[in-house]
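This is final-v3.txt (compact mmCIF, C-alpha atoms and all ligand atoms).
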# COMPACT_ATOMS: atom_id res chain seq x y z
CA MET A 1 26.03 24.25 -32.06
CA THR A 2 26.85 20.58 -32.69
CA ASP A 3 29.51 19.15 -35.04
CA TYR A 4 26.87 17.31 -37.09
CA ASP A 5 23.10 16.82 -37.13
CA ILE A 6 23.56 13.06 -37.19
CA ILE A 7 26.45 10.76 -36.35
CA VAL A 8 26.20 7.26 -37.80
CA VAL A 9 28.51 4.70 -36.16
CA GLY A 10 29.35 1.83 -38.56
CA ALA A 11 29.43 1.98 -42.36
CA GLY A 12 28.08 -1.50 -43.03
CA PRO A 13 25.22 -1.79 -45.52
CA ILE A 14 22.58 -0.61 -43.03
CA GLY A 15 24.51 2.35 -41.58
CA SER A 16 25.54 3.56 -45.06
CA THR A 17 21.96 3.27 -46.32
CA TYR A 18 20.54 5.21 -43.37
CA ALA A 19 23.27 7.90 -43.69
CA TYR A 20 22.47 8.29 -47.40
CA LYS A 21 18.74 8.61 -46.80
CA MET A 22 19.17 11.25 -44.08
CA ALA A 23 21.69 13.26 -46.14
CA LYS A 24 19.18 13.20 -48.99
CA LYS A 25 16.71 14.87 -46.64
CA GLY A 26 19.21 17.69 -46.16
CA TYR A 27 20.86 16.76 -42.84
CA ASP A 28 24.54 17.16 -42.08
CA VAL A 29 25.56 13.54 -41.53
CA ALA A 30 28.89 11.98 -40.47
CA LEU A 31 29.60 8.28 -41.04
CA PHE A 32 32.26 6.62 -38.86
CA ASP A 33 33.91 3.26 -39.42
CA MET A 34 36.96 1.75 -37.80
CA LYS A 35 37.88 0.13 -41.12
CA ASN A 36 39.74 1.88 -43.88
CA ARG A 37 38.33 -0.39 -46.60
CA ILE A 38 34.57 -0.70 -46.45
CA GLY A 39 33.14 -4.14 -47.27
CA GLN A 40 36.31 -6.07 -46.46
CA PRO A 41 36.77 -8.73 -45.30
CA LEU A 42 33.64 -10.45 -46.64
CA GLN A 43 31.46 -11.67 -43.75
CA CYS A 44 28.31 -12.75 -45.56
CA ALA A 45 26.91 -15.47 -47.81
CA GLY A 46 25.29 -12.72 -49.86
CA LEU A 47 22.00 -14.54 -50.41
CA VAL A 48 18.87 -12.37 -50.46
CA SER A 49 15.36 -13.07 -51.67
CA THR A 50 14.01 -11.10 -54.61
CA ASN A 51 11.99 -9.16 -51.98
CA ILE A 52 15.09 -6.96 -51.83
CA CYS A 53 13.80 -5.27 -55.01
CA GLU A 54 11.04 -3.66 -52.87
CA THR A 55 13.70 -1.81 -50.88
CA LYS A 56 14.94 -0.18 -54.14
CA ASN A 57 18.43 -0.51 -52.72
CA LEU A 58 20.12 -3.00 -55.08
CA PRO A 59 21.56 -1.98 -58.45
CA LYS A 60 21.70 -5.03 -60.77
CA GLU A 61 25.49 -4.91 -61.21
CA TYR A 62 26.00 -6.29 -57.67
CA ILE A 63 24.13 -9.51 -58.47
CA ASP A 64 26.62 -12.35 -59.12
CA ASN A 65 24.06 -15.12 -59.61
CA LYS A 66 20.32 -15.84 -59.63
CA ILE A 67 18.79 -18.74 -57.69
CA ARG A 68 15.49 -20.49 -58.31
CA GLY A 69 15.47 -23.22 -55.71
CA ALA A 70 17.13 -25.14 -52.91
CA ASN A 71 18.21 -28.75 -52.43
CA LEU A 72 17.69 -29.66 -48.78
CA TYR A 73 19.61 -32.58 -47.29
CA SER A 74 18.78 -34.50 -44.13
CA PRO A 75 21.61 -35.98 -42.00
CA ASP A 76 21.21 -39.35 -43.84
CA ASN A 77 21.40 -37.47 -47.16
CA THR A 78 17.75 -37.76 -48.14
CA GLN A 79 17.22 -34.92 -50.59
CA ILE A 80 14.18 -32.80 -51.28
CA THR A 81 14.14 -29.96 -53.77
CA VAL A 82 11.99 -26.88 -53.46
CA GLU A 83 11.87 -24.62 -56.48
CA LYS A 84 9.98 -22.12 -58.54
CA ASP A 85 10.09 -21.56 -62.29
CA LYS A 86 11.46 -18.05 -61.71
CA THR A 87 14.27 -16.41 -59.76
CA VAL A 88 13.60 -16.45 -56.00
CA ALA A 89 16.92 -15.14 -54.69
CA TYR A 90 20.07 -13.29 -55.69
CA VAL A 91 23.67 -13.98 -54.74
CA LEU A 92 25.39 -10.65 -54.18
CA ASP A 93 28.93 -9.41 -54.55
CA ARG A 94 28.80 -8.19 -50.93
CA VAL A 95 32.24 -6.57 -50.97
CA MET A 96 31.47 -4.32 -53.94
CA TYR A 97 27.87 -3.79 -52.82
CA ASP A 98 28.93 -2.49 -49.37
CA LYS A 99 31.45 -0.21 -51.08
CA HIS A 100 28.75 1.09 -53.42
CA LEU A 101 26.35 1.85 -50.53
CA PHE A 102 29.12 3.71 -48.70
CA GLU A 103 30.17 5.73 -51.77
CA ARG A 104 26.55 6.57 -52.55
CA ALA A 105 26.26 8.09 -49.06
CA ILE A 106 29.48 10.11 -49.53
CA ASN A 107 28.31 11.35 -52.95
CA GLN A 108 25.13 12.53 -51.24
CA GLY A 109 27.23 14.77 -48.96
CA VAL A 110 27.84 12.51 -45.93
CA THR A 111 31.20 13.24 -44.24
CA PRO A 112 33.31 10.05 -44.03
CA HIS A 113 35.45 9.25 -40.99
CA LEU A 114 37.23 6.05 -42.02
CA GLY A 115 39.79 4.33 -39.83
CA GLU A 116 38.23 6.05 -36.81
CA ARG A 117 37.02 3.60 -34.17
CA VAL A 118 34.27 4.91 -31.93
CA MET A 119 35.40 4.11 -28.38
CA ASP A 120 32.24 5.29 -26.67
CA ALA A 121 28.81 6.72 -27.46
CA ASP A 122 27.63 9.00 -24.66
CA ILE A 123 23.86 8.51 -24.75
CA GLU A 124 23.20 11.23 -22.15
CA ASN A 125 24.99 13.95 -24.10
CA THR A 126 24.62 12.70 -27.71
CA THR A 127 28.38 12.70 -28.24
CA ILE A 128 30.87 10.10 -29.37
CA LYS A 129 34.52 9.66 -28.56
CA THR A 130 37.03 8.26 -31.07
CA GLN A 131 40.81 7.85 -30.73
CA GLN A 132 41.10 11.32 -32.29
CA ARG A 133 38.53 13.47 -30.43
CA LYS A 134 34.94 13.98 -29.23
CA TYR A 135 32.13 14.81 -31.66
CA THR A 136 28.70 16.20 -30.82
CA SER A 137 25.43 15.76 -32.71
CA ARG A 138 21.66 16.02 -32.39
CA LEU A 139 21.19 12.29 -33.01
CA ILE A 140 23.38 9.18 -32.96
CA ALA A 141 22.48 6.13 -35.07
CA VAL A 142 24.53 3.12 -34.01
CA SER A 143 24.84 0.47 -36.71
CA ASN A 144 28.14 -1.09 -35.75
CA GLY A 145 27.13 -4.72 -36.01
CA PRO A 146 26.31 -7.65 -33.74
CA THR A 147 28.86 -6.95 -31.02
CA SER A 148 27.87 -3.30 -30.48
CA GLN A 149 28.95 -1.91 -27.10
CA THR A 150 26.23 0.75 -27.28
CA SER A 151 23.63 -2.00 -27.53
CA LYS A 152 25.10 -3.56 -24.36
CA LYS A 153 25.02 -0.16 -22.66
CA MET A 154 21.35 0.33 -23.56
CA ASN A 155 20.48 -3.21 -22.50
CA PRO A 156 22.46 -3.98 -19.36
CA HIS A 157 19.97 -6.64 -18.22
CA ILE A 158 19.81 -8.55 -21.50
CA LYS A 159 22.30 -11.28 -22.27
CA GLU A 160 23.41 -10.53 -25.84
CA GLU A 161 23.61 -13.82 -27.74
CA GLN A 162 25.19 -14.50 -31.08
CA PHE A 163 25.75 -17.30 -33.52
CA LEU A 164 29.07 -17.97 -35.14
CA GLY A 165 29.16 -17.76 -38.96
CA LEU A 166 32.02 -19.52 -40.78
CA GLN A 167 32.48 -19.50 -44.52
CA TYR A 168 34.94 -20.43 -47.27
CA THR A 169 35.02 -19.03 -50.79
CA VAL A 170 35.81 -22.08 -52.89
CA LYS A 171 36.90 -22.87 -56.46
CA THR A 172 34.97 -25.93 -57.60
CA GLU A 173 34.13 -28.15 -60.55
CA ASN A 174 31.43 -27.08 -62.99
CA GLN A 175 28.21 -26.87 -60.94
CA ASP A 176 24.51 -26.09 -61.38
CA THR A 177 24.16 -22.38 -60.57
CA ASP A 178 20.35 -22.38 -60.16
CA TYR A 179 20.19 -24.04 -56.73
CA VAL A 180 21.64 -23.57 -53.27
CA ASN A 181 22.33 -26.67 -51.15
CA LEU A 182 21.35 -26.63 -47.48
CA SER A 183 22.30 -29.50 -45.16
CA ILE A 184 21.48 -30.39 -41.59
CA LYS A 185 24.12 -31.64 -39.15
CA GLN A 186 23.05 -32.15 -35.56
CA PRO A 187 25.98 -30.40 -33.78
CA LEU A 188 25.21 -27.18 -35.68
CA LEU A 189 21.53 -26.99 -34.75
CA PRO A 190 19.64 -24.68 -34.91
CA GLY A 191 22.18 -23.60 -37.56
CA PHE A 192 22.88 -25.42 -40.81
CA LEU A 193 25.36 -25.71 -43.69
CA TRP A 194 25.04 -23.88 -47.01
CA GLU A 195 26.61 -24.11 -50.47
CA ILE A 196 25.84 -21.08 -52.59
CA PRO A 197 27.05 -20.96 -56.20
CA THR A 198 28.48 -17.58 -57.19
CA SER A 199 29.43 -18.70 -60.72
CA PRO A 200 29.76 -22.06 -62.54
CA TYR A 201 33.19 -22.55 -60.91
CA THR A 202 32.98 -20.75 -57.56
CA LYS A 203 30.79 -21.08 -54.47
CA ARG A 204 30.47 -20.00 -50.85
CA VAL A 205 30.43 -22.91 -48.43
CA GLY A 206 29.49 -21.93 -44.91
CA LEU A 207 27.54 -22.56 -41.77
CA PHE A 208 26.15 -20.93 -38.69
CA THR A 209 25.97 -22.43 -35.24
CA ASP A 210 25.91 -21.68 -31.53
CA GLY A 211 28.46 -24.46 -31.05
CA SER A 212 32.24 -24.22 -30.86
CA TYR A 213 34.55 -22.81 -33.54
CA ASN A 214 36.70 -25.94 -33.73
CA GLU A 215 33.78 -28.29 -34.21
CA ALA A 216 32.22 -25.97 -36.80
CA GLU A 217 35.49 -25.73 -38.72
CA GLN A 218 35.82 -29.51 -38.81
CA ILE A 219 32.27 -29.91 -40.15
CA LEU A 220 32.91 -27.23 -42.78
CA LYS A 221 36.13 -28.89 -43.95
CA ASN A 222 34.39 -32.27 -44.18
CA LYS A 223 31.76 -30.67 -46.41
CA LEU A 224 34.32 -29.83 -49.10
CA LYS A 225 34.87 -32.16 -52.05
CA THR A 226 38.41 -33.36 -52.73
CA THR A 227 38.42 -31.24 -55.90
CA ASP A 228 37.35 -28.05 -54.04
CA GLU A 229 40.05 -25.42 -53.47
CA ILE A 230 39.66 -22.87 -50.68
CA ILE A 231 40.38 -19.35 -51.94
CA GLU A 232 39.43 -17.38 -48.81
CA LYS A 233 38.21 -18.04 -45.27
CA HIS A 234 35.84 -15.71 -43.43
CA ASN A 235 34.01 -15.67 -40.15
CA GLY A 236 31.66 -13.31 -38.35
CA MET A 237 28.95 -13.15 -35.73
CA ILE A 238 25.18 -13.22 -36.28
CA PRO A 239 22.99 -11.67 -33.56
CA ARG A 240 20.09 -13.55 -32.01
CA PHE A 241 16.82 -11.61 -32.26
CA ASN A 242 15.48 -10.52 -28.87
CA PRO A 243 11.99 -8.94 -28.77
CA ASN A 244 12.78 -7.33 -25.38
CA LYS A 245 15.81 -5.46 -26.57
CA LYS A 246 15.64 -1.68 -26.26
CA ILE A 247 16.74 0.06 -29.47
CA THR A 248 16.28 3.74 -28.54
CA GLN A 249 17.37 5.86 -25.61
CA ASN A 250 17.42 9.66 -25.41
CA ASN A 251 18.67 10.76 -28.86
CA THR A 252 20.40 7.49 -29.76
CA ILE A 253 19.03 4.61 -31.83
CA LEU A 254 20.34 1.17 -32.74
CA LEU A 255 20.00 -0.08 -36.33
CA GLY A 256 20.68 -3.28 -38.30
CA ASP A 257 22.66 -6.08 -36.62
CA ALA A 258 23.39 -3.79 -33.64
CA ALA A 259 19.62 -3.80 -33.02
CA GLY A 260 19.32 -7.55 -33.69
CA GLN A 261 17.12 -6.91 -36.75
CA VAL A 262 17.84 -10.29 -38.37
CA LYS A 263 15.73 -13.30 -39.35
CA PRO A 264 16.10 -15.90 -36.58
CA THR A 265 15.94 -18.99 -38.81
CA THR A 266 18.65 -17.97 -41.29
CA GLY A 267 20.52 -15.04 -39.73
CA GLY A 268 19.82 -12.97 -42.86
CA GLY A 269 19.88 -9.29 -41.96
CA LEU A 270 20.05 -7.30 -45.18
CA ILE A 271 16.40 -6.93 -46.16
CA SER A 272 15.09 -6.48 -42.62
CA GLY A 273 17.93 -4.02 -41.93
CA PHE A 274 17.10 -1.96 -45.03
CA ASN A 275 13.42 -1.92 -44.09
CA CYS A 276 14.29 -0.80 -40.56
CA ALA A 277 16.59 1.91 -41.98
CA GLU A 278 13.56 3.19 -43.87
CA ILE A 279 11.41 3.17 -40.69
CA ALA A 280 14.24 4.96 -38.85
CA THR A 281 14.57 7.57 -41.63
CA LYS A 282 10.90 8.47 -41.44
CA ASN A 283 10.82 8.77 -37.65
CA THR A 284 14.21 10.39 -37.02
CA ASN A 285 13.42 12.97 -39.71
CA LYS A 286 10.24 13.88 -37.80
CA MET A 287 12.13 13.85 -34.49
CA LEU A 288 14.71 16.32 -35.82
CA GLU A 289 12.14 18.50 -37.59
CA GLU A 290 9.87 18.78 -34.57
CA GLU A 291 12.58 18.30 -31.94
CA ASN A 292 10.36 15.71 -30.31
CA ASN A 293 11.74 12.43 -28.98
CA LYS A 294 8.45 10.58 -29.17
CA TYR A 295 9.29 9.79 -32.81
CA LEU A 296 12.18 7.61 -31.68
CA GLU A 297 9.69 5.53 -29.70
CA ASN A 298 7.66 5.32 -32.92
CA TYR A 299 10.70 3.88 -34.69
CA GLU A 300 10.85 1.12 -32.07
CA LYS A 301 7.09 0.53 -32.19
CA GLU A 302 6.93 0.38 -35.99
CA TYR A 303 9.86 -2.04 -36.10
CA HIS A 304 8.12 -4.33 -33.58
CA LYS A 305 4.83 -4.08 -35.45
CA ARG A 306 6.48 -5.09 -38.70
CA TYR A 307 8.73 -7.88 -37.43
CA ASN A 308 7.77 -9.15 -33.97
CA SER A 309 5.22 -11.79 -34.85
CA GLU A 310 7.19 -13.13 -37.85
CA PHE A 311 10.49 -13.23 -35.94
CA LYS A 312 8.88 -14.78 -32.85
CA ALA A 313 7.31 -17.54 -34.98
CA GLN A 314 10.70 -18.15 -36.63
CA GLN A 315 12.31 -18.29 -33.20
CA ASN A 316 9.77 -20.88 -32.06
CA VAL A 317 10.57 -22.98 -35.12
CA GLN A 318 14.24 -22.62 -34.28
CA ASN A 319 13.61 -23.78 -30.70
CA ILE A 320 11.91 -26.93 -31.98
CA ILE A 321 14.71 -27.58 -34.44
CA LYS A 322 17.33 -27.21 -31.73
CA GLU A 323 15.82 -30.09 -29.78
CA MET A 324 15.55 -32.46 -32.74
CA THR A 325 17.98 -35.33 -33.24
CA GLU A 326 19.42 -36.52 -36.56
CA ASP A 327 16.93 -39.41 -36.47
CA ASP A 328 14.10 -36.90 -36.05
CA PHE A 329 15.28 -35.06 -39.14
CA ASN A 330 15.65 -38.24 -41.17
CA TYR A 331 12.07 -39.13 -40.19
CA MET A 332 10.89 -35.65 -41.06
CA PHE A 333 12.45 -35.72 -44.53
CA GLN A 334 10.81 -39.08 -45.25
CA GLN A 335 7.47 -37.60 -44.21
CA LEU A 336 8.09 -34.50 -46.33
CA LYS A 337 8.59 -36.73 -49.34
CA LYS A 338 5.65 -38.99 -48.50
CA HIS A 339 3.19 -36.09 -48.17
CA ASN A 340 4.58 -34.13 -51.15
CA VAL A 341 5.40 -31.24 -48.86
CA ASP A 342 8.17 -30.15 -51.23
CA GLN A 343 5.42 -29.01 -53.60
CA ILE A 344 3.64 -27.06 -50.84
CA ILE A 345 6.92 -25.39 -49.86
CA SER A 346 7.68 -24.60 -53.51
CA GLU A 347 4.28 -22.96 -53.85
CA HIS A 348 3.97 -21.11 -50.52
CA GLY A 349 7.56 -20.78 -49.27
CA ASP A 350 9.03 -17.29 -48.88
CA MET A 351 12.57 -16.84 -47.57
CA ASP A 352 11.62 -13.77 -45.53
CA ASN A 353 8.06 -14.46 -44.37
CA GLN A 354 7.78 -18.01 -43.12
CA THR A 355 4.45 -17.76 -41.29
CA PRO A 356 2.31 -18.07 -44.49
CA LEU A 357 3.96 -21.46 -45.15
CA LEU A 358 3.47 -22.59 -41.54
CA LYS A 359 -0.19 -21.60 -41.77
CA GLU A 360 -0.61 -23.52 -45.03
CA LEU A 361 0.98 -26.64 -43.51
CA VAL A 362 -1.37 -26.39 -40.52
CA LYS A 363 -4.37 -25.78 -42.78
CA ARG A 364 -3.60 -28.89 -44.83
CA GLY A 365 -3.15 -30.91 -41.66
CA VAL A 366 0.34 -32.11 -42.57
CA ILE A 367 2.47 -30.22 -40.10
CA PHE A 368 1.83 -32.56 -37.16
CA LYS A 369 2.79 -35.55 -39.31
CA LEU A 370 6.20 -34.05 -40.01
CA VAL A 371 7.69 -33.87 -36.56
CA PRO A 372 8.02 -36.68 -34.10
CA LYS A 373 6.26 -36.35 -30.72
CA ILE A 374 8.75 -33.92 -29.22
CA GLY A 375 7.74 -31.04 -31.48
CA VAL A 376 3.97 -31.41 -31.45
CA ARG A 377 3.25 -29.51 -28.22
CA ARG A 378 5.52 -26.67 -29.32
CA LEU A 379 4.00 -26.63 -32.76
CA LYS A 380 0.60 -26.16 -31.20
CA ASN A 381 1.96 -23.14 -29.36
CA ILE A 382 3.34 -21.68 -32.58
CA TRP A 383 -0.02 -22.14 -34.23
CA LYS A 384 -1.69 -20.22 -31.40
CA SER A 385 0.78 -17.35 -31.86
CA LEU A 386 0.23 -17.04 -35.65
C1 LIG B 401 28.87 -15.72 -42.19
C2 LIG B 401 27.69 -14.80 -42.39
C3 LIG B 401 26.83 -15.00 -43.47
C4 LIG B 401 25.73 -14.15 -43.66
N1 LIG B 401 24.92 -14.36 -44.75
C5 LIG B 401 23.89 -13.52 -44.98
C6 LIG B 401 23.06 -13.69 -46.13
O1 LIG B 401 23.28 -14.58 -46.95
N2 LIG B 401 22.03 -12.82 -46.33
C7 LIG B 401 21.77 -11.78 -45.45
O2 LIG B 401 20.78 -11.04 -45.65
N3 LIG B 401 22.54 -11.61 -44.36
C8 LIG B 401 23.59 -12.44 -44.10
N4 LIG B 401 24.39 -12.23 -43.01
C9 LIG B 401 24.08 -11.12 -42.11
C10 LIG B 401 24.50 -9.78 -42.73
O3 LIG B 401 25.83 -9.84 -43.12
C11 LIG B 401 24.28 -8.68 -41.68
O4 LIG B 401 22.92 -8.72 -41.28
C12 LIG B 401 24.61 -7.29 -42.23
O5 LIG B 401 25.96 -7.18 -42.59
C13 LIG B 401 24.27 -6.24 -41.18
O6 LIG B 401 24.69 -4.97 -41.61
P1 LIG B 401 25.02 -3.81 -40.55
O7 LIG B 401 25.31 -2.62 -41.39
O8 LIG B 401 23.97 -3.77 -39.53
O9 LIG B 401 26.33 -4.29 -39.77
P2 LIG B 401 27.77 -4.77 -40.28
O10 LIG B 401 27.71 -5.26 -41.69
O11 LIG B 401 28.27 -5.70 -39.23
O12 LIG B 401 28.64 -3.42 -40.27
C14 LIG B 401 29.06 -2.85 -39.07
C15 LIG B 401 30.18 -1.86 -39.38
O13 LIG B 401 30.50 -1.19 -38.15
C16 LIG B 401 31.91 -1.06 -38.06
N5 LIG B 401 32.24 -0.93 -36.63
C17 LIG B 401 32.11 -1.85 -35.65
N6 LIG B 401 32.45 -1.34 -34.46
C18 LIG B 401 32.84 -0.07 -34.68
C19 LIG B 401 33.32 0.99 -33.84
N7 LIG B 401 33.45 0.82 -32.54
N8 LIG B 401 33.63 2.18 -34.42
C20 LIG B 401 33.51 2.36 -35.75
N9 LIG B 401 33.06 1.40 -36.58
C21 LIG B 401 32.72 0.22 -36.07
C22 LIG B 401 32.45 -2.33 -38.72
O14 LIG B 401 33.77 -2.13 -39.18
C23 LIG B 401 31.46 -2.54 -39.86
O15 LIG B 401 31.89 -1.91 -41.05
C24 LIG B 401 25.50 -13.08 -42.77
C25 LIG B 401 26.36 -12.87 -41.68
C26 LIG B 401 27.46 -13.71 -41.49
C27 LIG B 401 28.39 -13.46 -40.33

Starting from the file, give its structure as structure tokens.
Ligand SMILES: Cc1cc2nc3c(=O)[nH]c(=O)nc-3n(C[C@H](O)[C@H](O)[C@H](O)COP(=O)(O)OP(=O)(O)OC[C@H]3O[C@@H](n4cnc5c(N)ncnc54)[C@H](O)[C@@H]3O)c2cc1C
Amino acid sequence: MTDYDIIVVGAGPIGSTYAYKMAKKGYDVALFDMKNRIGQPLQCAGLVSTNICETKNLPKEYIDNKIRGANLYSPDNTQITVEKDKTVAYVLDRVMYDKHLFERAINQGVTPHLGERVMDADIENTTIKTQQRKYTSRLIAVSNGPTSQTSKKMNPHIKEEQFLGLQYTVKTENQDTDYVNLSIKQPLLPGFLWEIPTSPYTKRVGLFTDGSYNEAEQILKNKLKTTDEIIEKHNGMIPRFNPNKKITQNNTILLGDAAGQVKPTTGGGLISGFNCAEIATKNTNKMLEEENNKYLENYEKEYHKRYNSEFKAQQNVQNIIKEMTEDDFNYMFQQLKKHNVDQIISEHGDMDNQTPLLKELVKRGVIFKLVPKIGVRRLKNIWKSL
């Protein structure tokens, strides 16, 4: 007899969603988090495409703002705007949203274990150890974020890589709330800077990078206007997607950031994490019903089938970007303007699925005009992989 059917480690948005779904299927689920206050501190820009509606996981009250386009800035401040005449993305109140997802799981009968850090997940025996005691279960779902020790244990031969995310919540002057601003600065590459309006007078200004904290902080501070007032500072890690990473072993699975289920180009992990939680629900339910581990392999296979080619293409784009200089970007932005690529992006761009846009740019023969020589050979390789 085990303590629970399922132990979920980490009550972030993905762990709480998975716990809720499995409790709804009638399982006895426990949800562990080392924090006492779920959702805090904020470690997210909270920007998601409207594709999140397909996950049926977002009540409207957690939407702070609606976005219909982006202003993109090159290093020399050349601006292009991509936009649609409808909402393309939402800005979420991530703190309250995480709390809601956690409380929804508890209301569904999940047993909370807050303030209880999981010191070790024993993959051989399907048990976990916290400061308090050992717990046994039939299945462990580990969703404890990008620095998961269980992920390292399952993948001893893979170097886990992460980006640094830094962000300020800022009080600002009256601003246009329809657009996000994205800017390129060479030291941050393949990361970038963002300004995301949360209301007419508040915004999130942040960046992600694989560079140093000090340099990133300096760039972020320089981005602020003299009239901006910092209300809060946050930072967190963003995992780098790795197609070779193992996400199941015995009766243990990895989920969400712990599994590296994030978009390589932006580090966004909410929609892909929710979709993977759904794939995990289907397959772990079958595994527990039939007591057959092959369904955990199916979880891994279905995740790869859904995301591998998109994420690999995004990673290739990221590799090109990383090698580009500020001059390359300035050239690229001039070309974008010259060939009216902003209109093509506005029409075919999708925050989550970037391959359709890449295909369209190849089809129209403009993509090779955009990048200076350095990227052309790599672009050809991306095209072959699409
Ligand atoms: C600066 C920044 C900006 C971002 N912006 C966006 C964005 O705009 N859009 C988007 O889609 N994504 C964004 N992301 C990514 C997004 O936040 C993550 O993909 C998402 O939070 C992943 O959810 P998760 O549940 O997998 O993990 P997490 O949210 O990391 O939750 C993990 C939980 O596990 C708990 N935990 C950790 N270790 C233990 C342990 N040993 N024992 C018990 N509990 C433990 C933690 O306390 C935490 O509550 C951003 C990330 C950062 C850092």

Near Leu188 (chain A), within 12 Å and counting all atoms listed in the file, which residues show up once chain neighbours fewer than 5 positions away are dropped, as a PDB file with C-alpha atoms, in the frame of the given file?
ATOM      1  CA  PRO A  75      21.610 -35.980 -42.000  1.00  0.00           C
ATOM      2  CA  PHE A 163      25.750 -17.300 -33.520  1.00  0.00           C
ATOM      3  CA  LEU A 164      29.070 -17.970 -35.140  1.00  0.00           C
ATOM      4  CA  GLY A 165      29.160 -17.760 -38.960  1.00  0.00           C
ATOM      5  CA  LEU A 166      32.020 -19.520 -40.780  1.00  0.00           C
ATOM      6  CA  SER A 183      22.300 -29.500 -45.160  1.00  0.00           C
ATOM      7  CA  LEU A 193      25.360 -25.710 -43.690  1.00  0.00           C
ATOM      8  CA  TRP A 194      25.040 -23.880 -47.010  1.00  0.00           C
ATOM      9  CA  GLY A 206      29.490 -21.930 -44.910  1.00  0.00           C
ATOM     10  CA  LEU A 207      27.540 -22.560 -41.770  1.00  0.00           C
ATOM     11  CA  PHE A 208      26.150 -20.930 -38.690  1.00  0.00           C
ATOM     12  CA  THR A 209      25.970 -22.430 -35.240  1.00  0.00           C
ATOM     13  CA  ASP A 210      25.910 -21.680 -31.530  1.00  0.00           C
ATOM     14  CA  GLY A 211      28.460 -24.460 -31.050  1.00  0.00           C
ATOM     15  CA  SER A 212      32.240 -24.220 -30.860  1.00  0.00           C
ATOM     16  CA  TYR A 213      34.550 -22.810 -33.540  1.00  0.00           C
ATOM     17  CA  ASN A 214      36.700 -25.940 -33.730  1.00  0.00           C
ATOM     18  CA  GLU A 215      33.780 -28.290 -34.210  1.00  0.00           C
ATOM     19  CA  ALA A 216      32.220 -25.970 -36.800  1.00  0.00           C
ATOM     20  CA  GLU A 217      35.490 -25.730 -38.720  1.00  0.00           C
ATOM     21  CA  GLN A 218      35.820 -29.510 -38.810  1.00  0.00           C
ATOM     22  CA  ILE A 219      32.270 -29.910 -40.150  1.00  0.00           C
ATOM     23  CA  LEU A 220      32.910 -27.230 -42.780  1.00  0.00           C
ATOM     24  CA  GLN A 318      14.240 -22.620 -34.280  1.00  0.00           C
ATOM     25  CA  ILE A 321      14.710 -27.580 -34.440  1.00  0.00           C
ATOM     26  CA  LYS A 322      17.330 -27.210 -31.730  1.00  0.00           C
ATOM     27  CA  GLU A 323      15.820 -30.090 -29.780  1.00  0.00           C
ATOM     28  CA  MET A 324      15.550 -32.460 -32.740  1.00  0.00           C
ATOM     29  CA  THR A 325      17.980 -35.330 -33.240  1.00  0.00           C
ATOM     30  CA  GLU A 326      19.420 -36.520 -36.560  1.00  0.00           C
TER      31      GLU A 326
END

Using only C-alpha atoms and all ligand atoms, which protein or nucleic acid residues are at most 6 Å from ligand LIG 401 (chain B), as a PyMOL selection string?
chain A and resi 9-15+32-35+43-48+117-119+143-145+165-167+235-238+256-258+267-270

For CA of Ile247 (chain A) and CA of Gln131 (chain A), the interatomic separation in Å (one decimal):
25.3 Å

Quick one, how far is CA of Tyr18 (chain A) from CA of Thr169 (chain A)?
29.2 Å

Please indicate the distance in Å from CA of Lys305 (chain A) to CA of Ala141 (chain A), rounded to one decimal place.
20.4 Å

I'd like the neighbourhood of Tyr62 (chain A) as a VMD selection string, where a residue qualifies if any of its atoms comes within 7 Å (using only C-alpha atoms), though same-chain residues fewer than 6 positions away should be ignored.
chain A and resid 92 to 93 96 to 97

Which residue gives the smallest distance to Gln343 (chain A) among A:Asn251, A:Thr265, A:Thr136, A:Thr81, with all atoms listed in the file counted?
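Of the candidates, the smallest distance to Gln343 (chain A) is held by A:Thr81.
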
Show which residues sit within 10 Å of Tyr135 (chain A), as a list in words. Count all atoms listed in the file, and ignore same-chain residues fewer than 6 positions away.
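Here the qualifying residues turn out to be Thr2, Asp3, Tyr4, Ile7, Ala30, Ala121, Thr126, Thr127, Ile128 and Lys129 of chain A.
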
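Proximity of A:Leu288, A:Ile367, A:Ile253, A:Ile38 to Glu300 (chain A), computed with all atoms listed in the file, is greatest for A:Ile253.
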
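Residues lying within 8 Å of Lys25 (chain A), counting only C-alpha atoms and ignoring same-chain neighbours fewer than 3 positions away, are Lys21, Met22 and Asn285 of chain A.
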
Could you tell me which of A:Arg240, A:Arg37, A:Arg364, A:Lys246 comes closest to Glu160 (chain A) if we count only C-alpha atoms?
A:Arg240
